[in-house]
$ cat coords-v2.txt   # compact mmCIF, C-alpha atoms
# COMPACT_ATOMS: atom_id res chain seq x y z
CA MET A 1 37.74 -3.37 -70.22
CA ARG A 2 34.05 -4.15 -69.56
CA GLU A 3 34.99 -7.07 -67.32
CA LYS A 4 37.27 -4.79 -65.25
CA GLY A 5 34.45 -2.25 -64.79
CA PHE A 6 32.09 -5.00 -63.71
CA ALA A 7 34.63 -6.31 -61.17
CA ILE A 8 35.15 -2.82 -59.72
CA SER A 9 31.38 -2.26 -59.44
CA LEU A 10 30.90 -5.65 -57.81
CA ASP A 11 33.76 -4.90 -55.39
CA ALA A 12 32.15 -1.57 -54.50
CA VAL A 13 28.75 -3.17 -53.93
CA ILE A 14 30.26 -5.88 -51.70
CA ALA A 15 32.26 -3.26 -49.77
CA LEU A 16 29.16 -1.11 -49.27
CA GLY A 17 27.19 -4.15 -48.14
CA LEU A 18 29.88 -5.12 -45.64
CA ALA A 19 30.10 -1.55 -44.37
CA PHE A 20 26.33 -1.46 -43.92
CA ILE A 21 26.33 -4.77 -42.02
CA PHE A 22 29.20 -3.53 -39.85
CA PHE A 23 27.43 -0.28 -38.92
CA ALA A 24 24.12 -2.05 -38.34
CA ALA A 25 25.79 -4.55 -36.00
CA VAL A 26 27.58 -1.78 -34.09
CA SER A 27 24.41 0.32 -33.72
CA TYR A 28 22.42 -2.70 -32.58
CA TYR A 29 25.06 -3.60 -29.99
CA PHE A 30 25.27 -0.07 -28.59
CA SER A 31 21.52 0.35 -28.45
CA PHE A 32 21.47 -2.18 -25.58
CA PRO A 33 24.00 -0.92 -23.04
CA GLU A 34 23.73 -4.03 -20.92
CA SER A 35 26.62 -5.10 -18.80
CA SER A 36 26.61 -8.00 -16.38
CA SER A 37 25.98 -5.51 -13.54
CA PHE A 38 22.95 -4.20 -15.37
CA ARG A 39 21.53 -7.70 -15.74
CA SER A 40 22.28 -8.33 -12.09
CA LEU A 41 20.50 -5.10 -11.09
CA LYS A 42 17.45 -6.06 -13.12
CA LEU A 43 17.35 -9.46 -11.42
CA LYS A 44 17.75 -7.83 -8.02
CA GLU A 45 14.96 -5.34 -8.64
CA ALA A 46 12.67 -8.13 -9.82
CA SER A 47 13.50 -9.98 -6.58
CA PHE A 48 12.83 -6.84 -4.48
CA ASP A 49 9.46 -6.46 -6.18
CA LEU A 50 8.55 -10.10 -5.81
CA GLY A 51 9.49 -10.09 -2.11
CA ALA A 52 7.40 -6.95 -1.52
CA VAL A 53 4.38 -8.38 -3.37
CA LEU A 54 4.55 -11.66 -1.46
CA GLU A 55 4.71 -9.86 1.88
CA LYS A 56 2.18 -7.11 1.17
CA SER A 57 -0.36 -9.58 -0.20
CA GLY A 58 -0.06 -11.59 3.02
CA GLN A 59 1.04 -14.70 1.13
CA LEU A 60 4.24 -15.17 3.12
CA GLU A 61 2.37 -15.03 6.43
CA SER A 62 -0.37 -17.39 5.18
CA ALA A 63 2.17 -19.87 3.82
CA VAL A 64 3.94 -20.09 7.18
CA LYS A 65 0.66 -20.35 9.11
CA ASP A 66 -0.71 -23.06 6.82
CA ASN A 67 2.68 -24.66 6.12
CA LYS A 68 1.76 -24.72 2.40
CA THR A 69 3.57 -23.45 -0.67
CA ILE A 70 0.83 -23.86 -3.30
CA GLU A 71 -0.13 -20.19 -3.43
CA LEU A 72 3.51 -19.08 -3.37
CA ARG A 73 4.29 -21.31 -6.36
CA ARG A 74 1.23 -20.01 -8.19
CA ILE A 75 2.57 -16.45 -7.82
CA LEU A 76 6.11 -17.45 -8.80
CA ASN A 77 4.71 -19.14 -11.91
CA LYS A 78 3.08 -15.88 -12.97
CA THR A 79 6.39 -14.01 -13.15
CA PRO A 80 7.97 -13.28 -16.57
CA ASN A 81 8.95 -16.39 -18.46
CA ASN A 82 12.63 -15.48 -18.79
CA LEU A 83 13.09 -15.16 -15.03
CA CYS A 84 13.49 -17.97 -12.54
CA PHE A 85 12.86 -17.61 -8.81
CA GLN A 86 13.31 -19.70 -5.74
CA LEU A 87 11.89 -18.64 -2.39
CA LYS A 88 13.10 -19.94 0.96
CA VAL A 89 11.61 -18.94 4.29
CA PHE A 90 13.77 -18.98 7.39
CA SER A 91 13.10 -18.58 11.08
CA PRO A 92 15.86 -17.14 13.29
CA ALA A 93 15.73 -20.38 15.29
CA SER A 94 17.13 -22.55 12.49
CA SER A 95 19.48 -22.35 9.54
CA ASN A 96 17.28 -24.76 7.59
CA PRO A 97 14.43 -23.23 5.62
CA VAL A 98 10.95 -23.57 7.05
CA LEU A 99 9.55 -23.48 3.51
CA SER A 100 11.16 -23.70 0.10
CA VAL A 101 9.51 -23.33 -3.30
CA ARG A 102 10.86 -22.90 -6.82
CA LYS A 103 9.14 -21.66 -9.95
CA SER A 104 7.93 -24.53 -12.13
CA GLY A 105 10.13 -25.40 -15.10
CA CYS A 106 13.16 -23.67 -13.63
CA PRO A 107 16.04 -26.00 -12.95
CA ALA A 108 18.75 -24.62 -10.68
CA LYS A 109 21.00 -23.96 -13.69
CA TYR A 110 22.42 -20.49 -13.91
CA SER A 111 25.52 -18.49 -14.71
CA GLU A 112 24.44 -15.65 -12.43
CA LEU A 113 22.31 -15.69 -9.28
CA THR A 114 21.06 -12.78 -7.19
CA SER A 115 19.64 -13.05 -3.71
CA ILE A 116 17.66 -10.70 -1.50
CA LYS A 117 16.14 -11.14 1.95
CA ARG A 118 12.97 -9.65 3.34
CA SER A 119 11.63 -9.98 6.86
CA PHE A 120 7.97 -10.48 7.69
CA VAL A 121 5.76 -10.92 10.73
CA VAL A 122 3.47 -13.84 11.46
CA LEU A 123 0.76 -12.98 13.99
CA GLU A 124 -0.44 -16.11 15.69
CA ASN A 125 -1.98 -16.86 19.10
CA ASN A 126 -1.69 -13.21 20.19
CA ASP A 127 2.02 -13.29 19.52
CA ALA A 128 4.28 -11.95 16.79
CA ASN A 129 6.89 -14.25 15.26
CA PHE A 130 9.54 -13.02 12.87
CA TYR A 131 10.82 -14.69 9.72
CA TRP A 132 12.69 -13.72 6.61
CA GLY A 133 12.16 -14.80 3.06
CA GLU A 134 15.12 -15.28 0.74
CA VAL A 135 14.33 -14.71 -2.92
CA ASN A 136 16.91 -16.14 -5.34
CA ALA A 137 16.63 -15.13 -8.98
CA TRP A 138 18.36 -16.10 -12.20
CA ASN A 139 17.77 -15.84 -15.91
CA ARG A 140 16.30 -18.91 -17.55
CA GLU A 141 18.93 -20.56 -19.77
CA MET B 142 57.45 3.77 -62.06
CA PRO B 143 59.61 2.17 -59.37
CA GLY B 144 58.45 4.65 -56.70
CA THR B 145 54.72 3.86 -57.09
CA GLY B 146 55.00 0.40 -55.45
CA ASN B 147 56.88 1.84 -52.43
CA SER B 148 54.30 4.64 -52.00
CA LYS B 149 51.47 2.11 -52.10
CA GLY B 150 53.26 0.03 -49.46
CA TYR B 151 53.77 3.06 -47.19
CA LEU B 152 50.13 4.07 -47.60
CA LEU B 153 48.96 0.58 -46.77
CA SER B 154 51.21 0.35 -43.69
CA PHE B 155 50.10 3.80 -42.54
CA SER B 156 46.42 2.89 -42.97
CA VAL B 157 46.87 -0.30 -40.97
CA LEU B 158 48.66 1.64 -38.20
CA VAL B 159 45.91 4.26 -38.08
CA LEU B 160 43.18 1.61 -37.98
CA PHE B 161 45.02 -0.38 -35.34
CA SER B 162 45.55 2.73 -33.17
CA LEU B 163 41.88 3.62 -33.48
CA LEU B 164 40.97 0.10 -32.44
CA ILE B 165 43.17 0.34 -29.33
CA VAL B 166 41.78 3.79 -28.38
CA PHE B 167 38.23 2.58 -28.88
CA SER B 168 38.85 -0.59 -26.82
CA GLN B 169 40.25 1.49 -23.98
CA PHE B 170 37.31 3.89 -24.15
CA TYR B 171 34.81 1.04 -24.16
CA PHE B 172 36.52 -0.72 -21.27
CA ASN B 173 36.54 2.48 -19.18
CA SER B 174 32.94 3.33 -19.97
CA GLU B 175 31.75 -0.16 -19.04
CA LYS B 176 33.75 0.01 -15.80
CA PHE B 177 32.13 3.37 -15.00
CA PHE B 178 28.72 1.94 -15.89
CA ASP B 179 29.27 -1.08 -13.61
CA GLU B 180 30.35 1.13 -10.72
CA THR B 181 27.30 3.37 -11.18
CA ILE B 182 24.98 0.39 -11.18
CA ALA B 183 26.64 -1.18 -8.14
CA GLY B 184 26.18 2.13 -6.27
CA GLN B 185 22.56 2.30 -7.40
CA SER B 186 21.97 -1.23 -6.13
CA ILE B 187 23.19 -0.33 -2.63
CA ILE B 188 20.94 2.75 -2.53
CA ASP B 189 17.98 0.67 -3.72
CA LYS B 190 18.66 -1.80 -0.97
CA ALA B 191 18.57 0.92 1.72
CA GLY B 192 15.09 1.90 0.50
CA PHE B 193 14.03 -1.72 0.33
CA VAL B 194 15.10 -2.36 3.94
CA ALA B 195 13.31 0.79 5.18
CA ASP B 196 10.12 -0.27 3.37
CA ASP B 197 10.44 -3.79 4.77
CA ILE B 198 10.76 -2.59 8.37
CA SER B 199 7.93 -0.08 8.01
CA LEU B 200 5.61 -2.81 6.72
CA ASP B 201 6.59 -5.20 9.53
CA LEU B 202 5.84 -2.56 12.15
CA ASN B 203 2.53 -1.76 10.53
CA SER B 204 1.61 -5.46 10.53
CA MET B 205 2.25 -5.61 14.27
CA LEU B 206 0.81 -2.27 15.33
CA GLY B 207 -2.26 -2.69 13.18
CA THR B 208 -3.31 0.88 12.44
CA GLY B 209 -4.39 1.18 8.82
CA ILE B 210 -4.01 4.55 7.11
CA ASP B 211 -5.25 5.80 3.77
CA VAL B 212 -4.51 9.27 2.46
CA ASP B 213 -6.46 10.95 -0.34
CA ARG B 214 -5.39 14.39 -1.37
CA ASN B 215 -6.32 17.08 -3.86
CA ALA B 216 -5.28 20.71 -4.29
CA GLU B 217 -7.37 21.92 -1.35
CA PHE B 218 -8.07 19.08 1.02
CA ILE B 219 -6.56 16.01 2.50
CA GLN B 220 -8.67 13.12 3.63
CA LEU B 221 -7.17 10.93 6.30
CA LYS B 222 -8.69 7.52 6.96
CA PHE B 223 -7.75 5.41 9.95
CA PHE B 224 -8.69 1.82 10.68
CA ASP B 225 -8.01 0.35 14.10
CA VAL B 226 -9.09 -2.22 16.67
CA LEU B 227 -9.10 -1.56 20.42
CA PRO B 228 -7.64 -3.23 22.35
CA SER B 229 -5.09 -5.08 20.26
CA ASP B 230 -4.75 -8.85 20.53
CA LEU B 231 -1.01 -8.37 20.58
CA ASN B 232 1.17 -7.34 23.51
CA LYS B 233 2.67 -4.47 21.54
CA HIS B 234 5.35 -3.64 24.08
CA LYS B 235 6.75 -7.17 24.04
CA ALA B 236 6.39 -7.51 20.27
CA LEU B 237 8.26 -4.25 19.63
CA LEU B 238 11.14 -5.21 21.90
CA ASN B 239 11.40 -8.67 20.27
CA TYR B 240 11.24 -7.13 16.81
CA SER B 241 13.97 -4.64 17.65
CA ASN B 242 16.21 -7.52 18.78
CA PHE B 243 15.41 -9.50 15.64
CA ILE B 244 16.26 -6.59 13.34
CA ASN B 245 19.39 -5.49 15.14
CA SER B 246 20.82 -9.01 15.16
CA SER B 247 19.49 -11.66 12.74
CA TYR B 248 18.14 -9.34 10.06
CA ALA B 249 21.13 -6.97 10.07
CA PHE B 250 23.42 -9.98 9.68
CA GLN B 251 21.36 -11.27 6.76
CA GLN B 252 21.47 -7.88 5.06
CA ASN B 253 25.21 -7.60 5.66
CA ALA B 254 24.64 -4.09 6.99
CA PHE B 255 24.67 -2.13 10.21
CA LEU B 256 21.09 -1.69 11.37
CA SER B 257 19.74 -0.16 14.53
CA LEU B 258 16.09 0.55 15.30
CA GLY B 259 15.06 3.16 17.83
CA LEU B 260 11.65 1.96 19.00
CA ASN B 261 11.63 3.32 22.56
CA ASN B 262 9.00 5.93 21.70
CA LEU B 263 6.71 3.21 20.39
CA ALA B 264 7.35 0.61 23.09
CA ASP B 265 6.59 3.03 25.94
CA GLY B 266 2.86 2.27 26.01
CA LYS B 267 1.90 4.60 23.17
CA THR B 268 2.54 4.33 19.45
CA GLU B 269 2.57 7.62 17.60
CA ILE B 270 2.09 8.27 13.92
CA LEU B 271 3.38 11.72 13.04
CA PHE B 272 2.33 13.70 9.98
CA SER B 273 4.54 16.26 8.32
CA ASN B 274 1.89 18.97 8.78
CA GLY B 275 1.83 18.57 12.57
CA LEU B 276 -1.07 16.12 12.84
CA GLN B 277 -0.65 13.13 15.09
CA TYR B 278 -2.42 9.82 15.70
CA ASP B 279 -1.70 8.05 18.99
CA TYR B 280 -2.62 4.56 20.10
CA ASN B 281 -2.32 4.23 23.84
CA TYR B 282 -2.03 0.62 24.99
CA SER B 283 -1.87 0.51 28.75
CA PHE B 284 0.43 -2.03 30.37
CA GLY B 285 -1.40 -4.70 32.38
CA SER B 286 -4.82 -3.47 31.27
CA SER B 287 -7.14 -4.25 28.40
CA ASP B 288 -8.09 -0.58 28.05
CA ALA B 289 -6.90 1.29 24.98
CA VAL B 290 -7.24 4.84 23.71
CA VAL B 291 -6.68 6.29 20.26
CA SER B 292 -6.51 10.00 19.65
CA PHE B 293 -6.11 12.19 16.61
CA TYR B 294 -5.05 15.79 17.07
CA SER B 295 -2.60 18.43 15.98
CA SER B 296 0.56 19.00 17.95
CA THR B 297 0.37 22.63 16.89
CA GLY B 298 -3.12 23.29 18.29
CA SER B 299 -5.95 22.53 15.89
CA THR B 300 -6.44 19.86 13.25
CA ASN B 301 -8.60 22.41 11.35
CA ALA B 302 -10.79 19.48 10.36
CA LEU B 303 -13.97 20.40 8.54
CA SER B 304 -15.70 17.10 9.06
CA PHE B 305 -15.36 13.70 10.68
CA ASP B 306 -16.92 10.38 9.72
CA ILE B 307 -16.81 8.21 12.81
CA ASN B 308 -17.71 4.55 12.49
CA VAL B 309 -17.41 2.36 15.57
CA SER B 310 -18.62 -1.16 16.20
CA VAL B 311 -18.29 -3.32 19.31
CA ASN B 312 -18.78 -7.06 19.70
CA SER B 313 -20.52 -6.68 23.07
CA SER B 314 -23.94 -5.61 24.18
CA SER B 315 -24.34 -2.10 25.56
CA VAL B 316 -26.93 -1.15 28.18
CA LYS B 317 -27.06 2.63 27.95
CA VAL B 318 -26.02 5.47 25.66
CA ILE B 319 -25.49 9.09 26.66
CA PRO B 320 -25.12 11.16 23.49
CA TRP B 321 -23.33 14.45 23.09
CA ALA B 322 -25.20 17.68 22.42
CA TRP B 323 -25.59 18.44 18.73
CA ASN B 324 -25.35 22.10 17.76
CA ALA B 325 -26.81 23.23 14.45
CA GLY B 326 -24.54 26.29 14.57
CA GLY B 327 -21.44 24.20 15.28
CA ASP B 328 -18.29 24.29 13.20
CA ILE B 329 -17.55 20.60 12.65
CA SER B 330 -19.75 18.33 10.57
CA VAL B 331 -19.99 14.82 11.94
CA ASN B 332 -21.37 11.57 10.60
CA LEU B 333 -21.56 9.14 13.49
CA ASN B 334 -22.32 5.46 13.01
CA TYR B 335 -22.21 3.23 16.02
CA TYR B 336 -23.51 -0.25 16.60
CA ASP B 337 -22.97 -3.17 18.93
CA LEU B 338 -24.82 -6.39 19.76
CA ASN B 339 -27.71 -4.39 21.26
CA SER B 340 -29.36 -3.05 18.14
CA SER B 341 -31.57 -0.66 20.10
CA ASN B 342 -28.49 1.37 20.97
CA ALA B 343 -27.29 1.69 17.39
CA VAL B 344 -26.60 5.26 16.28
CA ARG B 345 -26.72 6.57 12.73
CA VAL B 346 -26.79 10.32 12.80
CA SER B 347 -25.32 13.36 11.10
CA GLY B 348 -25.05 16.85 12.49
CA LYS B 349 -22.75 19.54 13.76
CA ILE B 350 -20.95 20.06 17.02
CA ASP B 351 -19.20 22.97 18.65
CA SER B 352 -15.43 22.44 18.51
CA ALA B 353 -14.87 24.68 21.52
CA LEU B 354 -16.33 21.96 23.77
CA ASP B 355 -15.21 18.46 24.70
CA ASN B 356 -18.21 16.63 23.24
CA SER B 357 -18.47 13.09 24.52
CA TYR B 358 -20.64 10.18 23.44
CA LYS B 359 -20.69 7.50 26.12
CA ILE B 360 -21.82 3.92 25.66
CA TYR B 361 -22.10 1.86 28.85
CA PHE B 362 -21.86 -1.91 28.93
CA SER B 363 -23.04 -2.48 32.52
CA SER B 364 -24.14 -0.44 35.51
CA ASP B 365 -20.47 0.13 36.35
CA PRO B 366 -19.66 3.71 35.19
CA ASN B 367 -16.14 2.60 34.21
CA ASP B 368 -17.43 -0.15 31.91
CA VAL B 369 -17.72 2.30 29.07
CA LEU B 370 -16.70 3.23 25.54
CA GLU B 371 -16.24 6.97 25.04
CA ILE B 372 -16.11 8.92 21.82
CA HIS B 373 -14.78 12.45 22.23
CA LEU B 374 -14.67 15.19 19.65
CA GLY B 375 -13.78 18.86 19.90
CA LEU B 376 -11.50 20.45 22.47
CA ILE B 377 -9.58 17.60 24.07
CA GLY B 378 -6.68 18.26 26.44
CA GLY B 379 -6.19 21.73 25.00
CA LYS B 380 -6.12 20.42 21.40
CA GLN B 381 -8.79 21.81 19.12
CA LYS B 382 -10.89 19.80 16.68
CA ALA B 383 -9.40 16.65 18.07
CA PHE B 384 -10.80 13.12 18.26
CA LYS B 385 -10.48 10.47 20.94
CA LEU B 386 -11.87 6.95 21.33
CA ALA B 387 -11.41 5.37 24.75
CA GLU B 388 -12.20 1.68 25.11
CA GLY B 389 -12.73 0.78 28.77
CA ILE B 390 -15.11 -2.13 28.40
CA ASP B 391 -14.62 -4.63 31.22
CA ASN B 392 -15.32 -7.78 29.18
CA PRO B 393 -11.78 -8.78 28.09
CA SER B 394 -13.02 -10.32 24.84
CA SER B 395 -14.68 -7.05 23.76
CA LYS B 396 -13.23 -5.37 20.72
CA ALA B 397 -14.05 -1.96 19.32
CA SER B 398 -13.41 -1.45 15.61
CA LEU B 399 -12.84 2.10 14.44
CA TYR B 400 -12.99 3.61 10.99
CA LEU B 401 -12.29 7.34 11.17
CA ASN B 402 -12.33 9.69 8.21
CA ALA B 403 -11.21 13.30 8.68
CA LEU B 404 -11.40 16.02 6.02
CA ILE B 405 -8.76 18.68 6.49
CA PRO B 406 -7.93 21.78 4.43
CA PHE B 407 -4.47 21.39 3.02
CA ALA B 408 -3.19 23.73 0.38
CA SER B 409 0.08 25.16 1.56
CA ASN B 410 2.50 22.29 1.93
CA PRO B 411 3.19 20.33 -1.25
CA ASP B 412 5.12 17.60 0.56
CA PHE B 413 3.19 15.35 2.83
CA SER B 414 4.50 12.30 4.58
CA TYR B 415 3.73 10.33 7.70
CA TYR B 416 5.90 8.13 9.83
CA TYR B 417 6.18 6.24 13.08
CA ASN B 418 7.81 8.01 16.00
CA GLY B 419 10.71 5.58 15.76
CA THR B 420 14.03 5.72 13.95
CA ILE B 421 15.99 3.53 11.61
CA ASN B 422 19.74 3.75 11.33
CA TYR B 423 21.07 1.85 8.31
CA ARG B 424 24.64 1.78 7.08
CA GLN B 425 26.21 -0.17 4.25
CA LEU B 426 29.43 0.96 2.56
CA ASP B 427 28.92 4.64 1.67
CA VAL B 428 25.16 4.60 2.14
CA ASN B 429 23.97 5.96 5.47
CA ASN B 430 20.28 6.40 6.26
CA PHE B 431 19.14 7.73 9.61
CA SER B 432 15.50 8.74 9.57
CA PHE B 433 12.05 8.26 11.03
CA ILE B 434 10.35 5.04 9.97
CA GLU B 435 8.25 6.30 7.09
CA LEU B 436 4.81 4.85 6.51
CA GLY B 437 3.92 6.70 3.36
CA LYS B 438 3.59 9.88 1.38
CA GLY B 439 0.43 11.67 0.39
$ encode --input "coords-v2.txt" --output "structure tokens"
Amino acid sequence: MREKGFAISLDAVIALGLAFIFFAAVSYYFSFPESSSFRSLKLKEASFDLGAVLEKSGQLESAVKDNKTIELRRILNKTPNNLCFQLKVFSPASSNPVLSVRKSGCPAKYSELTSIKRSFVVLENNDANFYWGEVNAWNRE
Amino acid sequence: MPGTGNSKGYLLSFSVLVLFSLLIVFSQFYFNSEKFFDETIAGQSIIDKAGFVADDISLDLNSMLGTGIDVDRNAEFIQLKFFDVLPSDLNKHKALLNYSNFINSSYAFQQNAFLSLGLNNLADGKTEILFSNGLQYDYNYSFGSSDAVVSFYSSTGSTNALSFDINVSVNSSSVKVIPWAWNAGGDISVNLNYYDLNSSNAVRVSGKIDSALDNSYKIYFSSDPNDVLEIHLGLIGGKQKAFKLAEGIDNPSSKASLYLNALIPFASNPDFSYYYNGTINYRQLDVNNFSFIELGKG
């Protein structure tokens, strides 16, 4: 009789434990309503911000004028660790990028990639030349 | 108790059915909610992109046209600060036309959107920055001439400015200065700082002027009366409490740098924005944005 009572108690404890784990897992899952679109939006917004910072700080214009990517890479390397970025700069005259730089330690390995494009002006020799920068972003895997 | 086993079986089957049905209903609900969530986010992304493109174009234009603007505002006043160089190194007319072509073709294609810029009012020899309270800042770049004029006024009559800080520097040597008449009983406070390569003509003075007059400060760079830089303040072309800087220095390498700071009462209108007198027409899927090219909000 005692053994039966012990088995029932043990069964109840295990059932309660399982129920607790189940509810904890469900609550945890629903506390992060993150779909693939949401992740994509976050990547896109990070790319928008990065493009705006690079243009407004004058780094895109300087990089084209000096034909150097050192400063661009330095800025890319300061972005959050879980995000990877690649920047390509194009001129309307060619389909090949004028400049291309990727964040250090970010191999082109991704399950999802977002891409945005931002135009900018390079003032040189009393003339204005137009380019666009393409920012590709993915989550580090 | 032969019936007890059957009842237990029915109960078990019923429980499984109920649980299974709940699972199906929940799956359907979750699938629908995620689909709705995805659609909402996709729509949000397209709206974000319209704003991003407008910001991008506004910044490009500002890079080319060169006028810097800062706006400080409190409950009673607004302080407008302008930075400019006269004349510009850039052929603005040509640059604006080329930029319009670039945006309407290459850039629109890259953005996978319909884009059309209306820059005729900027490429006509005068770029205008319009403020939502009726103020206006014009940069007049004459075709085929190195002369340039900037003016700040109100399209509705008076800027109502209480004070102006005017800072001008020129990389040439002036020969003569004819100042305006200060008036201790005037209604606009002015801080005027001027210097060029002839330090004896430097001006650093504060005072008041009468806004009912066209007060002009003229700095000559040779004996030619047209080789001159003119600073005007007051009643200009029928506009009250207006400002004008006209650069007519003959030496083509001469540049005048302007930093203008105007203090203006501003209590009535809570919304304040300023924009170029040009339009952007952007369309992508359901998002349609046709507006002035906004430079900022105060």
$ interface_residues --input "coords-v2.txt" --of "chain B" --to "chain A" --cutoff "7 Å" --atoms "only C-alpha atoms" --output "list in words"
Asp179, Ile182, Ala183, Ser186, Asp197, Asp201, Ser204, Asp230, Leu231, Ala236, Ser247 and Gln252 of chain B
$ closest_residue --input "coords-v2.txt" --among "B:Ala325, B:Leu426, B:Val331, B:Ile390" --to "B:Asp306" --atoms "all atoms listed in the file"
B:Val331
$ closest_residue --input "coords-v2.txt" --among "B:Val290, B:Ser341, B:Leu227, B:Leu258" --to "B:Ser241" --atoms "only C-alpha atoms"
B:Leu258
$ residues_around --input "coords-v2.txt" --residues "A:Glu141" --least-positions-apart "6" --cutoff "12 Å" --atoms "all atoms listed in the file" --output "CSV table (one decimal) with C-alpha atoms, keeping the file's coordinate frame"
chain,number,residue,atom,x,y,z
A,81,ASN,CA,9.0,-16.4,-18.5
A,82,ASN,CA,12.6,-15.5,-18.8
A,83,LEU,CA,13.1,-15.2,-15.0
A,84,CYS,CA,13.5,-18.0,-12.5
A,105,GLY,CA,10.1,-25.4,-15.1
A,106,CYS,CA,13.2,-23.7,-13.6
A,107,PRO,CA,16.0,-26.0,-13.0
A,108,ALA,CA,18.8,-24.6,-10.7
A,109,LYS,CA,21.0,-24.0,-13.7
A,110,TYR,CA,22.4,-20.5,-13.9
A,111,SER,CA,25.5,-18.5,-14.7
A,112,GLU,CA,24.4,-15.6,-12.4
$ atom_distance --input "coords-v2.txt" --atom1 "atom CA of B:Leu276" --atom2 "atom CA of B:Asp288"
23.7 Å
$ residues_around --input "coords-v2.txt" --residues "B:Phe224" --least-positions-apart "6" --cutoff "8 Å" --atoms "only C-alpha atoms" --output "ChimeraX atom specification"
/B:208-210,398-401
$ atom_distance --input "coords-v2.txt" --atom1 "atom CA of B:Asp189" --atom2 "atom CA of B:Phe172"
25.6 Å
$ atom_distance --input "coords-v2.txt" --atom1 "atom CA of B:Asp211" --atom2 "atom CA of B:Gly439"
8.8 Å
$ build_atoms --input "coords-v2.txt" --residues "stretch 369-383 of chain B" --atoms "N, CA and C atoms" --output "mmCIF file, in the frame of the given file"
data_model
loop_
_atom_site.group_PDB
_atom_site.id
_atom_site.type_symbol
_atom_site.label_atom_id
_atom_site.label_comp_id
_atom_site.auth_asym_id
_atom_site.auth_seq_id
_atom_site.Cartn_x
_atom_site.Cartn_y
_atom_site.Cartn_z
ATOM 1 N N VAL B 369 -17.188 1.339 30.032
ATOM 2 C CA VAL B 369 -17.720 2.300 29.070
ATOM 3 C C VAL B 369 -16.813 2.476 27.856
ATOM 4 N N LEU B 370 -17.430 2.812 26.754
ATOM 5 C CA LEU B 370 -16.700 3.230 25.540
ATOM 6 C C LEU B 370 -17.031 4.706 25.326
ATOM 7 N N GLU B 371 -16.006 5.524 25.178
ATOM 8 C CA GLU B 371 -16.240 6.970 25.040
ATOM 9 C C GLU B 371 -15.701 7.473 23.714
ATOM 10 N N ILE B 372 -16.554 8.249 23.042
ATOM 11 C CA ILE B 372 -16.110 8.920 21.820
ATOM 12 C C ILE B 372 -16.078 10.414 22.121
ATOM 13 N N HIS B 373 -14.917 11.014 21.961
ATOM 14 C CA HIS B 373 -14.780 12.450 22.230
ATOM 15 C C HIS B 373 -14.432 13.173 20.939
ATOM 16 N N LEU B 374 -14.981 14.365 20.812
ATOM 17 C CA LEU B 374 -14.670 15.190 19.650
ATOM 18 C C LEU B 374 -14.754 16.662 20.035
ATOM 19 N N GLY B 375 -13.770 17.428 19.601
ATOM 20 C CA GLY B 375 -13.780 18.860 19.900
ATOM 21 C C GLY B 375 -12.495 19.272 20.593
ATOM 22 N N LEU B 376 -12.659 19.965 21.720
ATOM 23 C CA LEU B 376 -11.500 20.450 22.470
ATOM 24 C C LEU B 376 -11.095 19.378 23.487
ATOM 25 N N ILE B 377 -9.991 18.708 23.210
ATOM 26 C CA ILE B 377 -9.580 17.600 24.070
ATOM 27 C C ILE B 377 -8.153 17.857 24.549
ATOM 28 N N GLY B 378 -8.008 18.018 25.857
ATOM 29 C CA GLY B 378 -6.680 18.260 26.440
ATOM 30 C C GLY B 378 -6.001 19.477 25.830
ATOM 31 N N GLY B 379 -6.759 20.490 25.558
ATOM 32 C CA GLY B 379 -6.190 21.730 25.000
ATOM 33 C C GLY B 379 -5.989 21.689 23.494
ATOM 34 N N LYS B 380 -6.266 20.537 22.862
ATOM 35 C CA LYS B 380 -6.120 20.420 21.400
ATOM 36 C C LYS B 380 -7.485 20.612 20.744
ATOM 37 N N GLN B 381 -7.516 21.484 19.760
ATOM 38 C CA GLN B 381 -8.790 21.810 19.120
ATOM 39 C C GLN B 381 -9.094 20.863 17.958
ATOM 40 N N LYS B 382 -10.395 20.657 17.772
ATOM 41 C CA LYS B 382 -10.890 19.800 16.680
ATOM 42 C C LYS B 382 -10.174 18.450 16.682
ATOM 43 N N ALA B 383 -10.090 17.922 17.889
ATOM 44 C CA ALA B 383 -9.400 16.650 18.070
ATOM 45 C C ALA B 383 -10.426 15.533 18.267
#
